[in-house]
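Student: Please find input17.txt (compact mmCIF, C-alpha atoms and all ligand atoms) on the next line:
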# COMPACT_ATOMS: atom_id res chain seq x y z
CA MET G 640 94.33 120.58 123.42
CA ALA G 641 94.09 116.81 123.77
CA PHE G 642 96.94 114.58 122.66
CA LEU G 643 96.56 112.05 119.87
CA ASN G 644 98.17 108.65 119.52
CA ASP G 645 101.41 109.57 117.75
CA ASN G 646 101.90 105.98 116.70
CA TYR G 647 99.20 106.43 114.05
CA LEU G 648 101.39 109.04 112.38
CA LYS G 649 104.03 106.35 111.80
CA LEU G 650 101.62 104.36 109.59
CA ARG G 651 102.54 104.47 105.94
CA ALA G 652 99.90 105.78 103.52
CA GLY G 653 96.48 104.18 103.73
CA TYR G 654 95.65 100.62 104.66
CA LEU G 655 96.38 98.57 101.52
CA PHE G 656 92.83 97.78 100.39
CA PRO G 657 91.35 101.27 100.83
CA GLU G 658 94.41 102.56 98.93
CA ILE G 659 93.70 100.15 96.06
CA ALA G 660 90.02 101.17 96.13
CA ARG G 661 91.06 104.82 95.91
CA ARG G 662 93.23 104.17 92.84
CA VAL G 663 90.53 102.07 91.20
CA ASN G 664 87.90 104.76 91.83
CA THR G 665 90.13 107.35 90.18
CA PHE G 666 90.64 105.03 87.20
CA CYS G 667 86.90 104.46 86.90
CA SER G 668 86.02 108.13 86.97
CA ASP G 669 88.75 108.92 84.40
CA ASN G 670 87.81 105.95 82.18
CA PRO G 671 84.05 105.40 82.36
CA GLU G 672 83.98 103.00 79.38
CA ALA G 673 86.79 100.80 80.70
CA ALA G 674 85.15 100.91 84.13
CA LYS G 675 82.20 98.96 82.71
CA ARG G 676 84.42 95.94 82.02
CA LEU G 677 86.38 96.16 85.28
CA ILE G 678 86.76 92.87 87.17
CA ARG G 679 87.93 92.92 90.77
CA CYS G 680 90.39 90.25 91.86
CA GLY G 681 91.97 92.45 94.53
CA ILE G 682 90.58 92.19 98.03
CA GLY G 683 89.66 88.67 99.05
CA ASP G 684 85.97 89.32 99.37
CA VAL G 685 83.51 86.52 98.70
CA THR G 686 80.99 86.89 95.88
CA GLU G 687 78.67 83.90 96.25
CA PRO G 688 75.44 84.25 98.25
CA LEU G 689 74.98 83.02 101.81
CA PRO G 690 74.20 79.29 102.02
CA SER G 691 70.53 78.39 102.29
CA SER G 692 71.08 76.60 105.64
CA VAL G 693 72.42 79.88 107.06
CA ARG G 694 69.54 81.94 105.69
CA THR G 695 66.95 79.53 107.03
CA ALA G 696 68.56 79.58 110.50
CA MET G 697 68.81 83.35 110.46
CA HIS G 698 65.17 83.76 109.38
CA ALA G 699 64.12 81.51 112.26
CA ALA G 700 66.27 83.55 114.65
CA VAL G 701 64.68 86.78 113.41
CA ASP G 702 61.26 85.28 114.15
CA GLU G 703 62.43 84.30 117.65
CA MET G 704 63.52 87.88 118.21
CA GLY G 705 60.03 89.01 117.17
CA GLU G 706 58.22 87.05 119.89
CA ARG G 707 58.15 88.17 123.51
CA SER G 708 58.62 84.59 124.73
CA THR G 709 61.77 83.95 122.65
CA PHE G 710 63.21 87.46 122.38
CA ARG G 711 66.84 87.83 123.57
CA GLY G 712 68.72 90.92 124.65
CA TYR G 713 72.44 90.91 125.40
CA GLY G 714 74.05 87.55 124.81
CA PRO G 715 77.21 86.23 126.46
CA GLU G 716 80.15 88.40 125.37
CA GLN G 717 82.15 85.25 124.61
CA GLY G 718 79.49 83.84 122.28
CA HIS G 719 76.41 81.71 122.75
CA GLU G 720 77.05 78.26 124.15
CA PHE G 721 75.32 76.60 121.18
CA LEU G 722 77.90 78.08 118.78
CA ARG G 723 80.93 77.63 121.04
CA HIS G 724 79.95 73.99 121.44
CA ALA G 725 79.38 73.46 117.71
CA ILE G 726 82.79 74.97 116.92
CA ALA G 727 84.72 73.05 119.58
CA GLU G 728 83.00 69.79 118.65
CA ASN G 729 83.20 70.04 114.85
CA ASP G 730 86.45 71.90 114.28
CA TYR G 731 88.48 70.34 117.08
CA ARG G 732 87.16 67.46 119.21
CA SER G 733 85.84 65.46 116.26
CA HIS G 734 89.41 65.65 114.87
CA GLY G 735 90.86 64.40 118.14
CA LEU G 736 91.98 67.87 119.29
CA GLU G 737 91.43 68.90 122.89
CA VAL G 738 89.61 72.26 122.89
CA ALA G 739 86.92 73.06 125.47
CA ASP G 740 83.79 75.03 124.61
CA ASP G 741 84.87 77.86 126.91
CA GLU G 742 88.22 78.18 125.15
CA ILE G 743 86.31 79.43 122.07
CA PHE G 744 85.57 83.17 121.91
CA VAL G 745 83.11 84.16 119.19
CA SER G 746 83.74 87.55 117.59
CA ASP G 747 82.91 89.76 114.65
CA GLY G 748 86.05 88.91 112.67
CA SER G 749 89.58 87.54 112.65
CA LYS G 750 90.94 90.87 111.47
CA CYS G 751 89.51 92.46 114.63
CA ASP G 752 90.75 89.64 116.86
CA CYS G 753 94.27 89.74 115.39
CA GLY G 754 94.42 93.41 116.33
CA ASN G 755 92.55 93.19 119.62
CA ILE G 756 94.73 90.39 120.98
CA LEU G 757 97.42 93.01 121.60
CA ASP G 758 95.26 94.32 124.46
CA VAL G 759 96.31 91.37 126.61
CA LEU G 760 99.96 91.26 125.54
CA GLY G 761 102.65 93.49 126.97
CA SER G 762 104.54 96.25 125.24
CA ARG G 763 108.04 94.80 125.71
CA ASN G 764 107.64 91.88 123.33
CA THR G 765 109.77 91.30 120.27
CA ILE G 766 107.32 90.74 117.42
CA ALA G 767 108.08 88.56 114.40
CA VAL G 768 106.09 88.66 111.18
CA MET G 769 106.50 86.97 107.83
CA ASP G 770 107.33 89.19 104.86
CA PRO G 771 105.11 89.40 102.79
CA VAL G 772 102.52 89.69 105.54
CA TYR G 773 98.82 90.39 106.06
CA PRO G 774 99.16 94.11 106.85
CA VAL G 775 96.87 93.99 109.90
CA TYR G 776 99.53 92.23 111.99
CA VAL G 777 102.03 94.99 111.34
CA ASP G 778 99.76 98.02 111.44
CA THR G 779 98.11 97.06 114.73
CA ASN G 780 101.53 96.74 116.33
CA VAL G 781 102.48 100.15 114.97
CA MET G 782 99.26 101.61 116.40
CA ALA G 783 100.02 100.02 119.78
CA GLY G 784 103.46 101.63 119.84
CA HIS G 785 105.38 98.38 119.49
CA THR G 786 107.58 99.66 116.63
CA GLY G 787 109.72 102.53 115.55
CA SER G 788 109.26 104.34 112.26
CA ALA G 789 109.12 102.81 108.81
CA ASN G 790 112.11 102.97 106.48
CA ASP G 791 111.90 103.70 102.74
CA SER G 792 110.86 100.15 101.91
CA GLY G 793 108.09 100.23 104.51
CA ALA G 794 109.77 98.05 107.15
CA TYR G 795 109.22 99.24 110.73
CA ALA G 796 112.10 99.46 113.17
CA GLY G 797 111.74 96.99 116.01
CA LEU G 798 109.84 94.30 114.11
CA LEU G 799 111.57 91.08 113.16
CA TYR G 800 110.72 90.40 109.50
CA LEU G 801 111.10 86.82 108.33
CA PRO G 802 111.44 86.81 104.54
CA CYS G 803 109.25 84.35 102.64
CA THR G 804 110.85 83.78 99.29
CA GLU G 805 110.86 81.42 96.35
CA ALA G 806 113.86 79.74 97.98
CA ASN G 807 111.95 78.78 101.14
CA GLY G 808 108.67 78.14 99.32
CA PHE G 809 107.18 81.24 100.97
CA VAL G 810 107.30 79.60 104.41
CA ALA G 811 109.82 81.27 106.70
CA ASP G 812 112.19 79.11 108.70
CA VAL G 813 112.39 79.61 112.46
CA PRO G 814 114.84 82.42 113.11
CA THR G 815 117.99 82.22 115.16
CA GLU G 816 116.85 85.29 117.10
CA ARG G 817 114.30 85.09 119.91
CA ALA G 818 110.86 86.55 119.26
CA ASP G 819 108.21 86.71 121.97
CA ILE G 820 105.24 86.92 119.62
CA VAL G 821 105.18 85.28 116.19
CA TYR G 822 102.38 85.76 113.68
CA LEU G 823 101.83 82.72 111.48
CA CYS G 824 99.17 82.58 108.76
CA PHE G 825 98.50 79.24 107.06
CA PRO G 826 97.14 78.81 104.45
CA ASN G 827 98.97 82.02 103.85
CA ASN G 828 97.58 85.34 102.85
CA PRO G 829 98.98 86.60 100.47
CA THR G 830 101.18 83.83 99.01
CA GLY G 831 98.81 80.87 99.32
CA SER G 832 101.59 78.75 100.81
CA VAL G 833 100.92 76.13 103.48
CA ALA G 834 103.17 74.87 106.27
CA THR G 835 103.88 71.18 106.57
CA ARG G 836 103.52 69.35 109.87
CA ALA G 837 107.32 69.35 110.25
CA GLN G 838 107.47 73.10 109.71
CA LEU G 839 104.76 73.75 112.29
CA GLU G 840 106.46 71.37 114.70
CA ALA G 841 109.61 73.45 114.35
CA TRP G 842 107.61 76.60 115.18
CA VAL G 843 105.99 75.01 118.23
CA GLN G 844 109.38 73.78 119.46
CA TYR G 845 110.78 77.26 118.93
CA ALA G 846 107.91 78.82 120.88
CA LEU G 847 108.21 76.36 123.75
CA LYS G 848 111.97 76.90 123.94
CA HIS G 849 111.70 80.71 123.99
CA GLU G 850 108.38 80.84 125.87
CA SER G 851 106.97 82.71 122.86
CA ILE G 852 103.38 82.88 121.73
CA LEU G 853 102.34 81.89 118.21
CA LEU G 854 99.40 83.86 116.86
CA PHE G 855 98.13 81.35 114.31
CA ASP G 856 95.75 82.79 111.73
CA ALA G 857 93.87 79.91 110.12
CA ALA G 858 91.17 81.97 108.39
CA TYR G 859 91.70 80.00 105.15
CA GLU G 860 91.87 76.55 106.74
CA ALA G 861 88.86 75.28 104.77
CA TYR G 862 90.82 75.68 101.51
CA ILE G 863 93.43 73.06 102.36
CA SER G 864 93.06 70.32 99.76
CA GLN G 865 96.26 68.31 100.12
CA PRO G 866 96.28 65.49 102.67
CA GLY G 867 98.72 65.75 105.58
CA ILE G 868 98.71 69.54 105.82
CA PRO G 869 97.66 70.56 109.37
CA HIS G 870 94.39 72.49 109.57
CA SER G 871 94.97 73.67 113.13
CA ILE G 872 98.06 74.55 115.14
CA TYR G 873 96.63 72.33 117.89
CA GLU G 874 97.42 69.28 115.74
CA ILE G 875 100.99 69.90 116.86
CA PRO G 876 101.85 68.55 120.33
CA GLY G 877 102.70 71.39 122.72
CA ALA G 878 100.68 74.02 120.84
CA ARG G 879 98.16 74.36 123.65
CA GLU G 880 101.01 75.79 125.72
CA CYS G 881 102.13 78.34 123.13
CA ALA G 882 99.47 79.17 120.54
CA ILE G 883 96.32 81.19 120.00
CA GLU G 884 94.32 80.29 116.89
CA PHE G 885 92.14 82.64 114.85
CA ARG G 886 89.43 81.31 112.56
CA SER G 887 86.67 82.91 110.59
CA PHE G 888 83.38 82.12 108.86
CA SER G 889 84.13 84.83 106.27
CA LYS G 890 85.88 82.73 103.69
CA ASN G 891 84.21 79.35 104.22
CA GLY G 892 80.58 80.36 104.90
CA GLY G 893 80.63 83.62 102.94
CA PHE G 894 80.36 85.78 106.09
CA THR G 895 82.57 88.73 105.04
CA GLY G 896 79.52 90.99 105.21
CA THR G 897 77.65 89.01 107.87
CA ARG G 898 80.60 89.03 110.34
CA CYS G 899 81.38 86.09 112.57
CA ALA G 900 84.66 84.50 113.58
CA PHE G 901 86.30 82.99 116.64
CA THR G 902 89.53 82.82 118.56
CA VAL G 903 90.79 79.87 120.56
CA VAL G 904 92.68 80.74 123.73
CA PRO G 905 93.72 77.56 125.57
CA LYS G 906 93.55 77.72 129.34
CA SER G 907 97.05 76.23 129.46
CA LEU G 908 98.60 79.19 127.61
CA GLN G 909 100.66 81.47 129.83
CA ALA G 910 102.70 84.66 129.55
CA ARG G 911 104.79 86.60 132.05
CA THR G 912 103.79 89.59 134.14
CA ALA G 913 106.14 92.60 134.19
CA SER G 914 107.55 91.22 137.42
CA GLY G 915 108.20 87.83 135.87
CA GLU G 916 105.44 85.56 137.19
CA LYS G 917 103.62 83.27 134.79
CA HIS G 918 99.94 83.98 134.32
CA ALA G 919 97.25 82.42 132.11
CA LEU G 920 96.04 84.57 129.20
CA HIS G 921 92.57 83.00 129.02
CA PRO G 922 91.11 85.01 131.94
CA LEU G 923 92.62 88.20 130.52
CA TRP G 924 91.06 87.65 127.09
CA ASN G 925 87.78 86.75 128.78
CA ARG G 926 87.98 90.00 130.74
CA ARG G 927 88.84 91.98 127.63
CA MET G 928 85.89 90.57 125.69
CA SER G 929 83.48 91.11 128.60
CA THR G 930 84.58 94.72 128.92
CA LYS G 931 84.98 95.85 125.32
CA PHE G 932 82.52 93.65 123.43
CA ASN G 933 78.85 92.76 123.70
CA GLY G 934 78.97 89.69 121.54
CA VAL G 935 77.98 88.91 117.97
CA SER G 936 74.28 89.23 117.17
CA TYR G 937 72.19 86.19 118.12
CA ILE G 938 70.83 86.01 114.56
CA VAL G 939 74.31 85.85 113.06
CA GLN G 940 75.46 83.23 115.57
CA ARG G 941 72.48 81.04 114.66
CA GLY G 942 73.53 81.45 111.01
CA ALA G 943 77.09 80.41 111.83
CA GLU G 944 75.85 77.41 113.81
CA ALA G 945 73.97 76.24 110.70
CA LEU G 946 77.30 75.87 108.86
CA TYR G 947 77.95 72.84 111.09
CA THR G 948 74.76 71.00 110.08
CA PRO G 949 75.05 68.32 107.38
CA GLN G 950 73.43 70.69 104.90
CA GLY G 951 75.69 73.57 105.99
CA LYS G 952 78.81 71.42 105.64
CA ALA G 953 77.77 70.39 102.12
CA GLU G 954 77.14 74.02 101.20
CA VAL G 955 80.53 75.10 102.54
CA ALA G 956 82.16 72.32 100.53
CA ALA G 957 80.37 73.57 97.40
CA LEU G 958 81.51 77.16 98.01
CA ILE G 959 85.13 76.10 98.51
CA SER G 960 84.97 73.95 95.41
CA HIS G 961 83.59 76.88 93.42
CA TYR G 962 86.36 79.30 94.50
CA MET G 963 89.05 76.67 94.07
CA GLY G 964 87.71 75.99 90.57
CA ASN G 965 88.33 79.67 89.88
CA ALA G 966 91.80 79.37 91.41
CA GLN G 967 92.62 76.53 89.03
CA ILE G 968 91.44 78.58 86.01
CA LEU G 969 93.42 81.66 87.05
CA ARG G 970 96.55 79.69 87.94
CA THR G 971 96.52 77.96 84.58
CA ALA G 972 96.03 81.26 82.75
CA ALA G 973 99.00 82.88 84.49
CA ILE G 974 101.17 79.82 83.80
CA ASP G 975 100.06 79.81 80.14
CA ALA G 976 100.99 83.50 79.95
CA GLY G 977 104.52 82.47 80.92
CA MET G 978 104.44 83.67 84.51
CA SER G 979 105.77 81.91 87.61
CA VAL G 980 102.92 81.03 89.92
CA TRP G 981 102.47 79.82 93.52
CA GLY G 982 99.44 79.22 95.72
CA GLY G 983 95.92 78.54 94.50
CA VAL G 984 96.09 74.87 95.54
CA ASN G 985 95.41 75.04 99.30
CA ALA G 986 94.34 78.68 99.33
CA PRO G 987 92.11 81.02 97.32
CA TYR G 988 95.07 83.29 96.50
CA ILE G 989 97.42 82.98 93.55
CA TRP G 990 100.84 84.54 94.01
CA VAL G 991 102.45 85.52 90.72
CA LYS G 992 105.83 86.92 89.78
CA ALA G 993 105.45 90.05 87.69
CA PRO G 994 106.95 89.73 84.22
CA ALA G 995 110.56 90.84 83.98
CA GLY G 996 111.19 94.52 84.49
CA MET G 997 107.92 95.29 86.27
CA ASN G 998 107.51 96.01 89.94
CA SER G 999 104.31 95.26 91.86
CA TRP G 1000 102.58 98.62 91.40
CA GLN G 1001 103.59 98.78 87.73
CA MET G 1002 101.93 95.40 87.31
CA PHE G 1003 98.88 96.68 89.17
CA ASP G 1004 98.69 99.62 86.72
CA ARG G 1005 99.18 97.37 83.68
CA MET G 1006 96.45 95.00 84.81
CA LEU G 1007 94.13 97.91 85.57
CA ASN G 1008 94.78 99.91 82.40
CA ASP G 1009 95.32 97.16 79.84
CA ALA G 1010 93.25 94.24 81.17
CA ASN G 1011 90.82 96.22 83.36
CA VAL G 1012 91.44 93.73 86.15
CA VAL G 1013 92.16 94.71 89.75
CA ILE G 1014 94.87 92.67 91.45
CA THR G 1015 96.80 93.30 94.67
CA PRO G 1016 100.41 94.48 94.40
CA GLY G 1017 102.72 92.18 96.33
CA SER G 1018 104.76 95.08 97.69
CA GLY G 1019 101.65 96.17 99.61
CA PHE G 1020 102.26 93.13 101.84
CA GLY G 1021 105.89 93.98 102.58
CA SER G 1022 109.18 94.53 100.85
CA ALA G 1023 109.68 90.82 100.14
CA GLY G 1024 106.45 91.00 98.12
CA GLU G 1025 108.01 93.48 95.67
CA GLY G 1026 107.97 92.11 92.14
CA TYR G 1027 104.95 89.87 92.81
CA PHE G 1028 101.20 90.31 92.69
CA ARG G 1029 98.23 88.47 94.15
CA ILE G 1030 95.13 87.36 92.26
CA SER G 1031 92.10 86.57 94.38
CA SER G 1032 89.91 83.74 93.17
CA PHE G 1033 86.85 85.08 94.98
CA ASN G 1034 84.60 85.76 92.03
CA ASN G 1035 81.84 84.27 89.93
CA ARG G 1036 82.90 81.72 87.33
CA ALA G 1037 82.21 83.94 84.32
CA ASN G 1038 84.46 86.66 85.72
CA ALA G 1039 87.23 84.19 86.56
CA GLU G 1040 87.11 82.85 82.99
CA GLU G 1041 87.14 86.35 81.54
CA VAL G 1042 90.12 87.35 83.70
CA ALA G 1043 91.91 84.20 82.54
CA ARG G 1044 91.20 85.12 78.92
CA ARG G 1045 92.52 88.66 79.42
CA ILE G 1046 95.68 87.47 81.19
CA LYS G 1047 96.41 85.01 78.38
CA SER G 1048 95.71 87.47 75.58
CA ALA G 1049 97.72 90.41 76.99
CA ARG G 1050 101.27 91.02 75.77
CA TRP G 1051 103.52 90.78 78.80
C1 LIG T 1101 92.54 90.14 101.78
O1 LIG T 1101 92.18 90.42 100.66
O2 LIG T 1101 93.73 90.02 102.09
C2 LIG T 1101 91.50 89.90 102.80
O3 LIG T 1101 90.23 90.14 102.31
C3 LIG T 1101 91.71 90.70 103.96
C4 LIG T 1101 90.81 90.33 105.07
O4 LIG T 1101 90.25 89.23 105.12
O5 LIG T 1101 90.69 91.16 105.95
Rewrite the structure from the file as structure tokens, please.
Ligand code: MLT
Tutor:
Amino acid sequence: MAFLNDNYLKLRAGYLFPEIARRVNTFCSDNPEAAKRLIRCGIGDVTEPLPSSVRTAMHAAVDEMGERSTFRGYGPEQGHEFLRHAIAENDYRSHGLEVADDEIFVSDGSKCDCGNILDVLGSRNTIAVMDPVYPVYVDTNVMAGHTGSANDSGAYAGLLYLPCTEANGFVADVPTERADIVYLCFPNNPTGSVATRAQLEAWVQYALKHESILLFDAAYEAYISQPGIPHSIYEIPGARECAIEFRSFSKNGGFTGTRCAFTVVPKSLQARTASGEKHALHPLWNRRMSTKFNGVSYIVQRGAEALYTPQGKAEVAALISHYMGNAQILRTAAIDAGMSVWGGVNAPYIWVKAPAGMNSWQMFDRMLNDANVVITPGSGFGSAGEGYFRISSFNNRANAEEVARRIKSARW
């Protein structure tokens, strides 16, 4: 009989969002009347339709694919040049940041890239994650065999957890210990916190000192509203020598179902071989993509390119403004209900302390049963998330207002 990957057996329960979906489905089949008024503020999935600029570009691309003279087969595995150029120009060079077109790798999602990046990293690294943490960073390291087993609170042996608490504003300080790989996510999922320039400078200095690599997940970059907050790790001097950046069109252009994202791997970024020599990671990631990926569909890449047109930029701004309007409504409701609230200012997530005496899953059950609202239990993001819950502001306005009304009218 063939052998399986034993590391998968170390994973605790289901992945958080399928587990929530399972519980919600059970609730709905047991309570068909309540199910009719259910509002989902759990997974951060966009609700508003694709921008018209994107649809127009995709329609045109479909027509191109329908003509012999303009039909395209396989595209470059790294992404079409038109999109790599638009990304590098608009997201980086126009902000004074040095990123070449061929340092951009277009993909089908940041979640995939955050997991896939482990293909080009060794197995002897010490991995640091924030706690609470986007579960993909942890679970993909478990799958790759980079951890031991989980303890009762869900923490895996071998990972360095950096607690994000009210005391540090949900932004972990650099640790005294050395970590080879550090996952940073700003604006943060799940807490909605952002790192200041000084905090990111400290992380870059740490990485340069220890020759670590920062895996910087900036999927929610477009939600930053306060001036002075860095949008990219490459705003910090030295980051090109120590950081990989992940970005996505999911949450700005509404591409969660359409699928398009990108990863920036600077050519100046190096790591060590098992025998100790320094080697660039860019050619390895290029090799990995060429071997395991055939690129994002041409039609989708044309849609993503349209987000960089003047019309596309205006439509993205309108989408962000819509979701952040929801965030403001939900934040205010939770505050009015007497809860302590973070996030929702530079991020579409609101991080809320459960009322006294309730843990995260108890709060999930109360919200589901009493308010018929799905939220995400903070403990699902790590033990430091226990006692908190996350409200996603991805919704239509009527639903956001109704959730606000239910939060305010419930007896906590
Ligand atoms: C979330 O709700 O945390 C996100 O939707 C997860 C994701 O983007 O994969």
Student: Would you name the residues within 6 Å of ligand LIG 1101 (chain T), counting all atoms listed in the file, and put them as a list of chain:residue names?
Tutor: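 For ligand LIG 1101 (chain T), the residues inside 6 Å are G:Ile682, G:Gly683, G:Asp684, G:Lys750.
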Student: Using atom CA of G:Asn780 and atom CA of G:Ile852 as the two end points, give the distance in Å to one decimal.
Tutor: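 Atom CA of G:Asn780 sits 15.0 Å away from atom CA of G:Ile852.
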Student: Tell me, in Å to one decimal, how far atom CA of G:Val768 is from atom CA of G:Asn998.
Tutor: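 Between these atoms lies a distance of 22.5 Å.
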Student: Go through G:Val772, G:Ser871, G:Ala767, G:Ala739 one by one, measure the shortest atom-to-atom distance of each to G:Val904 using only C-alpha atoms, and give the residue with the smallest value.
Tutor: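 Nearest to G:Val904: G:Ala739.
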Student: Of the residues G:Pro671, G:Ser691, G:Ser1022, G:Ser762, which is the one nearest to G:Asn790, using only C-alpha atoms?
Tutor: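 Residue with the minimum atom-to-atom distance to G:Asn790: G:Ser1022.
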Student: Give the answer as one residue: which of G:Val991, G:Ala966, G:Gly761, G:Phe901 has the shortest atom-to-atom distance to G:Met928, using only C-alpha atoms?
Tutor: G:Phe901
Student: When distances are computed from all atoms listed in the file, which of G:Thr912, G:Thr902, G:Asn1008, G:Thr830 shows the smallest separation from G:Asp741?
Tutor: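 Among the listed residues, the smallest separation from G:Asp741 belongs to G:Thr902.
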Student: Rounded to one decimal place, report the atom CA of G:Leu760-atom CA of G:Leu801 distance in Å.
Tutor: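 Going from atom CA of G:Leu760 over to atom CA of G:Leu801, I get 21.0 Å.
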Student: Excluding G:Glu720 and any residue of its chain fewer than 3 positions from it, enumerate the residues within 10 Å of it, using all atoms listed in the file, and give them as a list in words.
Tutor: Gly714, Pro715, Gln717, Arg723, His724, Ala725, Ile726, Asp740, Asp741, Ile743 and Val745 of chain G
Student: Export, as a PDB file, keeping the file's coordinate frame, the selected residues with C-alpha atoms.
Tutor:
ATOM      1  CA  GLY G 714      74.050  87.550 124.810  1.00  0.00           C
ATOM      2  CA  PRO G 715      77.210  86.230 126.460  1.00  0.00           C
ATOM      3  CA  GLN G 717      82.150  85.250 124.610  1.00  0.00           C
ATOM      4  CA  ARG G 723      80.930  77.630 121.040  1.00  0.00           C
ATOM      5  CA  HIS G 724      79.950  73.990 121.440  1.00  0.00           C
ATOM      6  CA  ALA G 725      79.380  73.460 117.710  1.00  0.00           C
ATOM      7  CA  ILE G 726      82.790  74.970 116.920  1.00  0.00           C
ATOM      8  CA  ASP G 740      83.790  75.030 124.610  1.00  0.00           C
ATOM      9  CA  ASP G 741      84.870  77.860 126.910  1.00  0.00           C
ATOM     10  CA  ILE G 743      86.310  79.430 122.070  1.00  0.00           C
ATOM     11  CA  VAL G 745      83.110  84.160 119.190  1.00  0.00           C
TER      12      VAL G 745
END
Student: Measuring between only C-alpha atoms, which one of G:Ser749, G:Met640, G:Leu1007, G:Ala995 shows the shortest distance to G:Ala673?
Tutor: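 Result for the nearest residue to G:Ala673: G:Leu1007.
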Student: Mind checking which residues fall within 10 Å of G:Glu816, counting all atoms listed in the file, ignoring those fewer than 6 positions away in the same chain, and posting them as a PyMOL selection string?
Tutor: chain G and resi 765+767+799+849
Student: Which residue gives the smallest distance to G:His698 among G:Ala1023, G:Leu969, G:Met1006, G:Ile938, with only C-alpha atoms counted?
Tutor: G:Ile938
Student: Show me, as a count of residues only, the residues that have an atom within 8 Å of G:Lys906 when counting only C-alpha atoms, minus same-chain residues fewer than 6 positions from it.
Tutor: 4
Student: Skipping near chain neighbours, those fewer than 4 positions away, what residues fall within 7 Å of G:Arg898 using all atoms listed in the file, listed as a ChimeraX atom specification?
Tutor: /G:747-748,889,894
Student: Show me the residues close to (86.1, 90.4, 128.9) - anything with an atom within 10 Å, counting all atoms listed in the file - and format the list as a list in words.
Tutor: Glu716, Gln717, His921, Pro922, Leu923, Trp924, Asn925, Arg926, Arg927, Met928, Ser929, Thr930, Lys931, Phe932 and Asn933 of chain G
Student: Considering all atoms listed in the file, return as a list of chain:residue names whatever protein or nucleic-acid residues lie within 8 Å of G:Ser1048, sequence-local ones (same chain, fewer than 3 positions apart) excluded.
Tutor: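 Once the nearby chain positions are removed, what remains is G:Ala976, G:Arg1044, G:Arg1045.
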